[in-house]
Every structure is written in C-alpha cells, then in structure tokens.
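Trainee: Sharing start_36.cif (mmCIF, C-alpha atoms and all ligand atoms) below.
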data_data
#
loop_
_atom_site.label_atom_id
_atom_site.label_comp_id
_atom_site.auth_asym_id
_atom_site.auth_seq_id
_atom_site.Cartn_x
_atom_site.Cartn_y
_atom_site.Cartn_z
CA MET A 19 0.00 0.00 0.00
CA THR A 20 2.89 2.32 0.85
CA LYS A 21 4.31 1.64 -2.61
CA LEU A 22 0.99 2.50 -4.28
CA LEU A 23 0.65 5.71 -2.30
CA LYS A 24 4.23 6.74 -3.07
CA GLU A 25 3.55 6.31 -6.76
CA GLN A 26 0.70 8.80 -6.52
CA GLN A 27 3.26 11.40 -5.35
CA SER A 28 0.81 13.35 -3.22
CA SER A 29 2.37 15.01 -0.22
CA GLU A 30 -0.99 16.09 1.22
CA VAL A 31 -3.91 13.72 1.44
CA ASP A 32 -7.62 14.23 2.04
CA VAL A 33 -8.73 11.38 4.27
CA VAL A 34 -12.35 10.21 4.15
CA LEU A 35 -13.81 8.26 7.10
CA ASP A 36 -16.89 6.09 7.33
CA ALA A 37 -18.24 2.96 8.99
CA SER A 38 -19.82 0.05 7.16
CA PHE A 39 -22.08 -2.61 8.66
CA ILE A 40 -21.14 -6.31 8.40
CA LYS A 41 -23.98 -8.70 9.25
CA ALA A 42 -23.20 -11.40 11.82
CA TRP A 43 -23.65 -15.07 11.00
CA SER A 44 -25.88 -15.53 14.02
CA ILE A 45 -29.34 -14.75 15.35
CA ARG A 46 -30.33 -12.68 18.34
CA HIS A 47 -30.08 -14.33 21.74
CA PRO A 48 -33.53 -15.40 22.99
CA THR A 49 -33.00 -13.77 26.40
CA ASP A 50 -30.78 -10.80 25.39
CA ASN A 51 -32.08 -9.08 22.29
CA GLN A 52 -28.90 -7.00 21.88
CA THR A 53 -26.44 -9.92 21.59
CA GLY A 54 -25.73 -12.75 19.15
CA PHE A 55 -26.92 -16.25 20.06
CA SER A 56 -24.09 -18.24 18.45
CA ASP A 57 -21.71 -15.24 18.19
CA ALA A 58 -21.24 -13.60 21.56
CA ASP A 59 -19.22 -10.66 20.11
CA ALA A 60 -21.97 -9.56 17.71
CA ARG A 61 -24.14 -6.66 18.86
CA VAL A 62 -27.18 -4.86 17.52
CA GLY A 63 -26.34 -1.66 15.68
CA ARG A 64 -27.61 0.57 12.93
CA SER A 65 -27.58 -0.97 9.46
CA GLY A 66 -28.83 1.58 6.95
CA ARG A 67 -32.25 2.67 8.14
CA SER A 68 -32.86 -0.29 10.44
CA PHE A 69 -31.02 -2.17 13.17
CA ALA A 70 -29.37 -5.56 12.82
CA LEU A 71 -26.93 -7.87 14.55
CA GLY A 72 -23.33 -7.55 13.45
CA TYR A 73 -20.10 -5.62 13.31
CA LYS A 74 -18.79 -2.39 11.89
CA LEU A 75 -15.76 -1.80 9.76
CA HIS A 76 -14.47 1.71 10.50
CA LEU A 77 -12.42 2.65 7.47
CA SER A 78 -10.35 5.55 6.19
CA ILE A 79 -9.37 6.05 2.55
CA ASP A 80 -7.27 8.43 0.53
CA HIS A 81 -9.73 10.53 -1.46
CA LYS A 82 -7.53 10.77 -4.54
CA THR A 83 -6.52 7.13 -4.97
CA MET A 84 -9.48 5.57 -3.12
CA LEU A 85 -6.98 3.30 -1.35
CA PRO A 86 -7.84 2.09 2.16
CA LEU A 87 -5.42 3.66 4.65
CA SER A 88 -6.51 2.27 7.99
CA SER A 89 -9.30 0.26 9.57
CA VAL A 90 -10.78 -0.70 12.92
CA PHE A 91 -13.27 -3.54 13.46
CA ALA A 92 -15.72 -3.34 16.29
CA SER A 93 -19.12 -4.62 17.36
CA ALA A 94 -21.96 -2.79 15.65
CA ASN A 95 -23.18 -0.99 18.79
CA GLN A 96 -19.96 1.02 19.13
CA ASN A 97 -20.15 4.67 18.22
CA GLU A 98 -18.14 6.03 15.27
CA LYS A 99 -16.55 8.73 17.45
CA LYS A 100 -15.04 6.11 19.75
CA HIS A 101 -12.72 4.91 16.96
CA SER A 102 -12.23 8.04 14.87
CA LEU A 103 -8.94 9.17 16.46
CA THR A 104 -7.50 5.65 16.28
CA ILE A 105 -8.26 5.37 12.56
CA LEU A 106 -6.85 8.82 11.95
CA ASP A 107 -3.63 8.07 13.87
CA LYS A 108 -3.15 4.86 11.91
CA ALA A 109 -3.73 6.73 8.64
CA LYS A 110 -1.22 9.42 9.67
CA ARG A 111 1.40 6.76 10.41
CA ILE A 112 1.02 5.07 7.06
CA LEU A 113 1.16 8.42 5.26
CA GLN A 114 4.33 9.36 7.15
CA ARG A 115 6.03 6.32 5.64
CA CYS A 116 5.24 7.79 2.19
CA LYS A 117 6.43 11.24 3.28
CA ALA A 118 2.87 12.53 3.06
CA LYS A 119 0.54 14.04 5.64
CA VAL A 120 -3.16 14.48 6.23
CA ARG A 121 -4.43 17.71 4.64
CA SER A 122 -8.05 17.31 5.71
CA VAL A 123 -10.62 14.88 7.02
CA VAL A 124 -14.06 14.44 5.44
CA ALA A 125 -16.71 12.49 7.33
CA ASP A 126 -20.39 12.32 8.21
CA SER A 127 -22.05 13.99 11.19
CA GLN A 128 -21.63 10.81 13.31
CA TYR A 129 -17.98 11.91 13.51
CA SER A 130 -18.84 15.42 14.68
CA ASP A 131 -16.44 15.69 17.61
CA SER A 132 -14.18 18.52 18.78
CA LYS A 133 -11.25 16.12 19.41
CA LEU A 134 -11.31 14.93 15.79
CA ARG A 135 -11.65 18.49 14.48
CA ASP A 136 -8.68 19.57 16.62
CA ALA A 137 -6.53 16.66 15.40
CA VAL A 138 -6.37 17.93 11.80
CA GLU A 139 -5.74 21.23 10.03
CA LYS A 140 -9.03 21.07 8.19
CA ALA A 141 -12.11 19.00 8.99
CA THR A 142 -15.20 18.83 6.79
CA ILE A 143 -17.69 17.23 9.13
CA PRO A 144 -21.31 18.43 9.24
CA TYR A 145 -22.74 19.42 12.62
CA PRO A 146 -25.87 17.47 13.66
CA ALA A 147 -29.07 19.57 13.58
CA ASN A 148 -29.19 19.89 17.40
CA HIS A 149 -25.55 21.10 17.81
CA MET A 150 -24.49 24.78 17.63
CA LYS A 151 -28.07 25.78 16.88
CA GLY A 152 -28.43 29.25 15.41
CA VAL A 153 -24.76 29.52 14.31
CA ALA A 154 -24.82 30.53 10.66
CA GLY A 155 -22.42 29.22 7.99
CA LEU A 156 -21.75 25.83 9.60
CA LEU A 157 -21.87 22.76 7.39
CA ARG A 158 -25.04 20.74 7.96
CA VAL A 159 -26.73 17.90 6.08
CA ASP A 160 -30.41 17.05 6.33
CA ARG A 161 -32.11 13.67 6.11
CA LYS A 162 -32.41 13.97 2.36
CA PHE A 163 -28.63 14.61 2.13
CA ARG A 164 -29.15 18.27 1.18
CA THR A 165 -26.13 20.26 2.31
CA TYR A 166 -26.12 23.73 3.89
CA GLY A 167 -23.04 25.86 4.54
CA SER A 168 -20.41 27.69 2.52
CA GLY A 169 -19.83 26.64 -1.09
CA GLU A 170 -16.29 25.50 -0.26
CA GLN A 171 -17.43 23.26 2.61
CA ARG A 172 -20.16 21.72 0.47
CA MET A 173 -17.70 20.99 -2.35
CA GLU A 174 -15.31 19.31 0.11
CA TYR A 175 -18.16 17.27 1.61
CA HIS A 176 -18.92 15.84 -1.83
CA LYS A 177 -15.75 13.72 -1.44
CA ARG A 178 -17.51 11.63 1.21
CA PRO A 179 -19.49 9.28 -1.13
CA LEU A 180 -16.17 7.89 -2.41
CA ILE A 181 -15.79 5.83 0.72
CA GLU A 182 -19.26 4.38 0.17
CA ALA A 183 -18.10 3.32 -3.28
CA VAL A 184 -15.06 1.60 -1.70
CA ASN A 185 -17.24 -0.14 0.92
CA SER A 186 -19.69 -1.27 -1.72
CA PHE A 187 -16.80 -2.50 -3.88
CA LEU A 188 -15.47 -4.52 -0.93
CA LYS A 189 -18.88 -6.03 -0.33
CA THR A 190 -19.87 -6.82 -3.90
CA GLN A 191 -16.52 -7.68 -5.48
CA PHE A 192 -14.62 -9.11 -2.52
CA SER A 193 -17.45 -10.74 -0.52
CA MET A 194 -16.73 -8.69 2.58
CA ALA A 195 -20.32 -9.01 3.78
CA ASN A 196 -20.67 -12.75 3.14
CA ASN A 197 -18.81 -13.90 6.21
CA LYS A 198 -19.60 -17.37 7.52
CA VAL A 199 -17.41 -16.98 10.58
CA ARG A 200 -18.20 -15.93 14.12
CA GLY A 201 -16.43 -13.75 16.65
CA LEU A 202 -14.85 -10.32 16.27
CA LYS A 203 -11.33 -11.61 15.50
CA GLN A 204 -12.51 -14.00 12.80
CA VAL A 205 -14.84 -11.46 11.18
CA ALA A 206 -12.07 -8.84 11.27
CA PHE A 207 -9.66 -11.29 9.63
CA TYR A 208 -12.24 -12.15 6.97
CA ALA A 209 -12.89 -8.48 6.19
CA LEU A 210 -9.14 -7.71 6.18
CA CYS A 211 -8.67 -10.39 3.51
CA SER A 212 -11.22 -8.50 1.34
CA ILE A 213 -9.29 -5.24 1.85
CA LEU A 214 -6.03 -7.01 1.06
CA CYS A 215 -7.50 -8.40 -2.19
CA LEU A 216 -8.54 -4.88 -3.19
CA VAL A 217 -5.05 -3.52 -2.52
CA LEU A 218 -3.35 -6.41 -4.37
CA ILE A 219 -5.57 -5.92 -7.43
CA ARG A 220 -4.74 -2.24 -7.41
CA GLU A 221 -1.05 -3.10 -7.24
CA ALA A 222 -1.36 -5.59 -10.10
CA ALA A 223 -3.20 -3.00 -12.23
CA GLN A 224 -0.54 -0.42 -11.39
CA ASN A 225 2.26 -2.86 -12.29
CA ILE A 226 0.87 -3.39 -15.77
CA GLY A 227 0.29 0.34 -16.19
CA LYS A 228 -3.51 0.08 -16.19
CA HIS A 229 -4.29 1.72 -12.88
CA GLU A 230 -7.70 2.98 -14.08
CA LYS A 231 -8.95 -0.60 -14.71
CA ALA A 232 -8.93 -1.38 -11.00
CA VAL A 233 -10.62 1.87 -10.05
CA LYS A 234 -13.25 2.63 -12.61
CA GLY A 235 -14.37 -0.84 -13.69
CA LYS A 236 -15.77 -1.49 -17.15
CA ASN A 237 -16.28 1.42 -19.52
CA VAL A 238 -19.62 1.37 -21.32
CA PRO A 239 -19.95 3.44 -24.49
CA SER A 240 -22.68 5.95 -23.73
CA ASN A 241 -23.83 6.42 -27.33
CA GLN A 242 -25.05 2.84 -27.78
CA PRO A 243 -28.48 1.64 -26.68
CA CYS A 244 -28.36 -1.11 -24.06
CA ALA A 245 -30.90 -3.25 -22.18
CA LEU A 246 -30.75 -3.48 -18.38
CA CYS A 247 -31.77 -6.65 -16.56
CA ARG A 248 -35.07 -6.53 -14.66
CA CYS A 249 -35.42 -10.24 -13.89
CA GLY A 250 -32.32 -10.37 -11.67
CA GLU A 251 -30.98 -13.56 -13.33
CA SER A 252 -28.60 -12.13 -15.96
CA LYS A 253 -25.01 -13.41 -15.89
CA ASN A 254 -23.87 -10.05 -17.21
CA LYS A 255 -25.48 -7.63 -14.75
CA PRO A 256 -26.50 -4.86 -14.98
CA PHE A 257 -27.16 -5.79 -18.62
CA CYS A 258 -29.79 -8.19 -19.93
CA ASP A 259 -28.31 -11.35 -21.52
CA GLY A 260 -31.61 -13.01 -22.48
CA THR A 261 -31.85 -15.26 -19.38
CA HIS A 262 -35.29 -13.78 -18.62
CA ALA A 263 -36.74 -15.98 -21.39
CA LYS A 264 -35.32 -19.17 -19.80
CA VAL A 265 -36.57 -18.35 -16.29
CA GLY A 266 -40.04 -17.38 -17.50
CA PHE A 267 -39.87 -13.80 -16.21
CA LYS A 268 -43.06 -11.84 -16.81
CA GLY A 269 -42.26 -8.16 -16.96
CA ALA A 270 -45.71 -6.83 -17.72
CA GLU A 271 -46.96 -4.25 -15.27
CA THR A 272 -49.86 -5.62 -13.24
CA ALA A 273 -50.47 -2.84 -10.73
CA SER A 274 -53.66 -0.82 -11.08
CA LYS A 275 -53.27 2.67 -12.55
CA LYS A 276 -56.44 3.96 -10.84
CA PRO A 277 -55.83 7.04 -8.66
CA HIS A 278 -55.86 6.71 -4.87
CA ASP A 279 -59.43 7.94 -4.35
CA LYS A 280 -60.79 5.45 -6.88
CA GLN A 281 -59.04 2.52 -5.12
CA ALA A 282 -59.68 3.57 -1.52
CA LYS A 283 -62.32 2.00 0.69
CA VAL A 284 -64.15 4.51 2.86
CA MET A 285 -64.68 3.67 6.53
CA ASP A 286 -67.05 5.77 8.61
CA GLY A 287 -65.89 6.81 12.08
CA PRO A 288 -67.71 8.81 14.78
CA THR A 289 -66.35 12.14 13.52
CA LEU A 290 -64.12 11.35 10.54
CA LYS A 291 -64.22 9.21 7.42
CA LEU A 292 -61.09 7.15 6.78
CA GLU A 293 -60.01 6.39 3.21
CA ASP A 294 -57.73 3.37 2.87
CA ALA A 295 -56.23 1.84 -0.28
CA PRO A 296 -54.32 -1.23 1.06
CA ALA A 297 -52.57 -1.85 -2.28
CA LEU A 298 -50.92 1.59 -2.09
CA CYS A 299 -50.26 1.61 1.65
CA ALA A 300 -46.88 0.66 3.15
CA ALA A 301 -48.64 -0.01 6.50
CA ALA A 302 -45.94 2.06 8.22
CA ARG A 303 -48.54 3.52 10.62
CA PHE A 304 -47.90 7.09 9.57
CA CYS A 305 -49.12 8.78 6.44
CA HIS A 306 -46.66 10.20 3.88
CA ARG A 307 -49.46 12.04 2.17
CA GLY A 308 -50.46 13.69 5.45
CA GLY A 309 -46.81 14.20 6.48
CA GLY A 310 -47.38 13.17 10.11
CA THR A 311 -48.20 10.34 12.49
S1 LIG B 401 -34.16 -9.10 -17.98
FE1 LIG B 401 -32.80 -10.30 -16.85
S2 LIG B 401 -31.68 -11.33 -18.36
FE2 LIG B 401 -33.03 -10.09 -19.50
#
Mind turning the file's structure into structure tokens?
Ligand code: FES
Mentor:
Amino acid sequence: MTKLLKEQQSSEVDVVLDASFIKAWSIRHPTDNQTGFSDADARVGRSGRSFALGYKLHLSIDHKTMLPLSSVFASANQNEKKHSLTILDKAKRILQRCKAKVRSVVADSQYSDSKLRDAVEKATIPYPANHMKGVAGLLRVDRKFRTYGSGEQRMEYHKRPLIEAVNSFLKTQFSMANNKVRGLKQVAFYALCSILCLVLIREAAQNIGKHEKAVKGKNVPSNQPCALCRCGESKNKPFCDGTHAKVGFKGAETASKKPHDKQAKVMDGPTLKLEDAPALCAAARFCHRGGGT
C-alpha cells in the first residue's frame, strides 16, 4: 500500500472516514435481544435505516486514490466517534512512511467531535441539527442529504461518497459481507482479507500500467443503446443477456393505474371518514401524504 501511495506522489492527502455494517452469522439471543446467540461478540447496531446484529468496519481512505489507509473492526453498537482518532492516527502513520501528511478529514455527522476536528488542520464534518443551533455558515446535512453551509465546505463534503463506493466494492466484489465466521477476530480477519485483495488488485493493475482498470471498472460506451436486466438472473449484470426468457420472467406491469381515491375504501368513524387503499399503503402507521403520524 505504501508503494501505491508513493507512486501517486501526493504530499498532502484528504482522508475520508466512514463505517460500514457487516452482518453477523448468528441470530439474536432469545434472552438478550442485543447480543448474538451463536456469536457472543456480535451486537445490535444501525444498518442503513434499520437495526441488525453484526459488526462495523471503520475505514479511512485516501480521497484521490481511493486506497484504504486504515481500519478498525468493532461490534456494531460502538459509536463512530469512539474509533475516529485511532483510525486517523493509523492513517497518519502510514502516510508518514510515504512522506505525506493528512491535509483534511471528510466524514459524516456521526464523527462530529471537537477532538477529531482539533486533530487535523481542516475537517469537513457536518454538525448534527441539534448542535451549535443558530450559528450561521456551519456545514449541515439534512435527512435527504441536502447540504447547507459555505460553497467550499459543500464541495469538500462531496468527497464523502467515495468511501461508500469503496465499501460497496469490498462487499460486492470481494465478498466482505458474506462472512460465515463468528467472533470479532474471525470477522475482522475475513474483512481484512477483502481489503487485502482490493489492494493487491490495485497493485497488479498499477504494475501493468492500467491503474484505471482497477478503479473505474468497465467502460460502457454511452452512445449505444443497451438493455438493463429486470429479472435479476442475468449473468452479465447490470445488462440483460436473455436469461429472462429461460426463467419465465413476466415483466408486464400488473399494478392498477387507478388514482388513490378510486381505489380507496371509505370507513365511517364517529367524527371522521377514513379512506384506505391497502394496495398503495406501506402499513408504516404514519401517512406520507399527510406528512405526520
Ligand atoms: S431481464 Fe434479466 S436477463 Fe433479461
């Protein structure tokens, strides 16, 4: 990795931090809902919009090369801030070996912490909505990922999705999320093997002078029409290879196109009438159309 970083010849590096969920190969304990049944190290933590049993890979990457710099593995219930300084210190050490240093850190609001901000010259980390209320010009991000703050901060923050691309690459190309092992040490070793494969492929691509092949993937000419797979069975995803005909996929739309009020049943209450169209309802117990609970 040091060799790859040296070849990039950057003396100042923008480091991007993020945590990625790795599902445990276990179920919840029948008497302790927060712990794994067959994997005592696994804990319940946030996985996307829900909660699941597993671990977290806390990762830092170099924004320019998208190379992993440092990582920490922990149970999924552990907060990002707990490991942020450790990951940063590890990244600083590896960069020192390449005679480079950290120019800035870019991370999500889970990393909003004064100690992390003080540890670097420049930190692009949004403040959560309930911190520093009323202070204008601070970088903030809302639930729909809309950014608020100065133009420069917002531009810097747009480097953050690169780490999601690396995490997704590790999961889809190097099976990082398909672990069939239990225990923190074993899961960490399994995930480290995925990271190592990524680094080795990058090195191999660099050695043959085709660095971009390992970073960008396949180039698709944009001026040619192409068919995308909807059946999920293609061997050449995301493109259709004709397998849909063999598996008997029926792609015709079957949902009703009637508007909501034509599909809804009306139920009379003591003071209100309730309209309900079960086919259109997510049964989430709050109404999107009404915008409330
Ligand atoms: S739609 Fe999936 S292979 Fe054609």
Trainee: With all atoms listed in the file counted and 7 Å as the cut-off, give the residues of chain A in contact with ligand LIG 401 (chain B), each with its shortest interatomic distance in Å and the pair that gives it, as JSON lines.
Mentor:
{"residue": "A:Leu246", "atom": "CA", "partner": "B:LIG401", "partner_atom": "S1", "distance": 6.6}
{"residue": "A:Cys247", "atom": "CA", "partner": "B:LIG401", "partner_atom": "S1", "distance": 3.7}
{"residue": "A:Arg248", "atom": "CA", "partner": "B:LIG401", "partner_atom": "S1", "distance": 4.3}
{"residue": "A:Cys249", "atom": "CA", "partner": "B:LIG401", "partner_atom": "FE1", "distance": 4.0}
{"residue": "A:Gly250", "atom": "CA", "partner": "B:LIG401", "partner_atom": "FE1", "distance": 5.2}
{"residue": "A:Glu251", "atom": "CA", "partner": "B:LIG401", "partner_atom": "FE1", "distance": 5.1}
{"residue": "A:Ser252", "atom": "CA", "partner": "B:LIG401", "partner_atom": "S2", "distance": 4.0}
{"residue": "A:Cys258", "atom": "CA", "partner": "B:LIG401", "partner_atom": "FE2", "distance": 3.8}
{"residue": "A:Asp259", "atom": "CA", "partner": "B:LIG401", "partner_atom": "S2", "distance": 4.6}
{"residue": "A:Gly260", "atom": "CA", "partner": "B:LIG401", "partner_atom": "FE2", "distance": 4.4}
{"residue": "A:Thr261", "atom": "CA", "partner": "B:LIG401", "partner_atom": "S2", "distance": 4.1}
{"residue": "A:His262", "atom": "CA", "partner": "B:LIG401", "partner_atom": "S2", "distance": 4.4}
Trainee: Write the residues you've just listed into a file as a PDB file, in the coordinates of the input, and include C-alpha atoms for each of them.
Mentor:
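Contents of the output file result08.pdb:
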ATOM      1  CA  LEU A 246     -30.750  -3.480 -18.380  1.00  0.00           C
ATOM      2  CA  CYS A 247     -31.770  -6.650 -16.560  1.00  0.00           C
ATOM      3  CA  ARG A 248     -35.070  -6.530 -14.660  1.00  0.00           C
ATOM      4  CA  CYS A 249     -35.420 -10.240 -13.890  1.00  0.00           C
ATOM      5  CA  GLY A 250     -32.320 -10.370 -11.670  1.00  0.00           C
ATOM      6  CA  GLU A 251     -30.980 -13.560 -13.330  1.00  0.00           C
ATOM      7  CA  SER A 252     -28.600 -12.130 -15.960  1.00  0.00           C
ATOM      8  CA  CYS A 258     -29.790  -8.190 -19.930  1.00  0.00           C
ATOM      9  CA  ASP A 259     -28.310 -11.350 -21.520  1.00  0.00           C
ATOM     10  CA  GLY A 260     -31.610 -13.010 -22.480  1.00  0.00           C
ATOM     11  CA  THR A 261     -31.850 -15.260 -19.380  1.00  0.00           C
ATOM     12  CA  HIS A 262     -35.290 -13.780 -18.620  1.00  0.00           C
TER      13      HIS A 262
END
Trainee: CA of Glu98 in chain A to CA of Ser29 in chain A: how many Å, to one decimal?
Mentor: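 A separation of 27.2 Å between them.
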Trainee: Using all atoms listed in the file, which of A:Ala137, A:Val159, A:Met285, A:Leu35 sits nearest Met84 in chain A?
Mentor: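 Closest to Met84 in chain A, using all atoms listed in the file: A:Leu35.
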Trainee: I'd like the contact shell of range 152-156 of chain A - 12 Å cut-off, all atoms listed in the file, skipping same-chain residues fewer than 4 positions apart - returned as a list in words.
Mentor: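 The residues that qualify are Ser127, Ser130, Ala141, Thr142, Ile143, Pro144, Tyr145, Pro146, Ala147, Asn148, Thr165, Tyr166, Gly167, Ser168, Gly169, Glu170, Gln171 and Arg172 of chain A.
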Trainee: How far is it from CA of Ala109 in chain A to CA of Val34 in chain A, in Å with one decimal?
Mentor: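 Atom-to-atom, CA of Ala109 in chain A and CA of Val34 in chain A are spaced 10.3 Å apart.
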Trainee: Of the candidates A:Met150, A:Ala92, A:Val123, A:Leu106, which shows the shortest atom-to-atom distance to Gly63 in chain A, using all atoms listed in the file?
Mentor: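 Counting all atoms listed in the file, the residue closest to Gly63 in chain A is A:Ala92.
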Trainee: For each of A:Gln128, A:Thr272, A:Ser38, A:Ser56, take the minimum atom-to-atom distance to Ser93 in chain A, counting all atoms listed in the file, then give the residue where this is smallest.
Mentor: A:Ser38
Trainee: If you count all atoms listed in the file, which residues fall within 10 Å of Ser102 in chain A, apart from same-chain ones fewer than 6 positions away, as a list in words?
Mentor: Leu35, Asp36, Ala37, His76, Leu77, Ser78, Ser89, Val90, Ala125, Gln128, Tyr129, Ser130, Asp131, Lys133 and Leu134 of chain A
Trainee: Kindly indicate which residue among A:Gln224, A:Ser122, A:Thr53, A:Asn95 lies nearest to Ser65 in chain A, using only C-alpha atoms for the distances.
Mentor: A:Asn95
Trainee: Choose the residue, out of A:Lys140, A:Lys268, A:Ala206, A:Cys299, that has the smallest atom-to-atom separation from Met194 in chain A; count only C-alpha atoms.
Mentor: A:Ala206
Trainee: Applying 8 Å and all atoms listed in the file, which residues near Val120 in chain A remain after dropping the ones on its own chain fewer than 6 positions away? List them as a PyMOL selection string.
Mentor: chain A and resi 30-33+110+113+138
Trainee: Can you list, as a list in words, every protein, DNA or RNA residue that comes within 9 Å of Val62 in chain A when you count all atoms listed in the file, leaving out same-chain residues fewer than 5 positions away?
Mentor: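 These residues fall inside the cut-off: Arg46, Asn51, Gln52, Thr53, Gly54, Phe69, Ala70, Leu71, Gly72, Tyr73, Ser93, Ala94 and Asn95 of chain A.
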Trainee: Selected residues, C-alpha atoms, written as a short mmCIF file (atom, residue, chain, number, x, y, z; two decimals), in the coordinates of the input, please.
Mentor:
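What landed in result-v9.cif:
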data_model
loop_
_atom_site.label_atom_id
_atom_site.label_comp_id
_atom_site.auth_asym_id
_atom_site.auth_seq_id
_atom_site.Cartn_x
_atom_site.Cartn_y
_atom_site.Cartn_z
CA ARG A 46 -30.33 -12.68 18.34
CA ASN A 51 -32.08 -9.08 22.29
CA GLN A 52 -28.90 -7.00 21.88
CA THR A 53 -26.44 -9.92 21.59
CA GLY A 54 -25.73 -12.75 19.15
CA PHE A 69 -31.02 -2.17 13.17
CA ALA A 70 -29.37 -5.56 12.82
CA LEU A 71 -26.93 -7.87 14.55
CA GLY A 72 -23.33 -7.55 13.45
CA TYR A 73 -20.10 -5.62 13.31
CA SER A 93 -19.12 -4.62 17.36
CA ALA A 94 -21.96 -2.79 15.65
CA ASN A 95 -23.18 -0.99 18.79
#
Trainee: Determine the axis-aligned bounding box of all atoms of range 152-160 of chain A present in the file, pad each side by 5 Å, and express its centre and edge lengths in Å to one decimal place as lines of an AutoDock Vina configuration file.
Mentor:
center_x = -26.1
center_y = 23.8
center_z = 10.7
size_x = 18.7
size_y = 23.5
size_z = 19.3
Trainee: With distances taken over only C-alpha atoms, which residue among A:Arg135, A:His149, A:Arg178, A:Lys291 lies nearest Lys82 in chain A?
Mentor: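 For Lys82 in chain A, the nearest of the given residues is A:Arg178.
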Trainee: Calculate how many Å separate CA of Leu103 in chain A from CA of Leu85 in chain A, rounding to one decimal.
Mentor: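 Taking CA of Leu103 in chain A and CA of Leu85 in chain A, their separation equals 18.9 Å.
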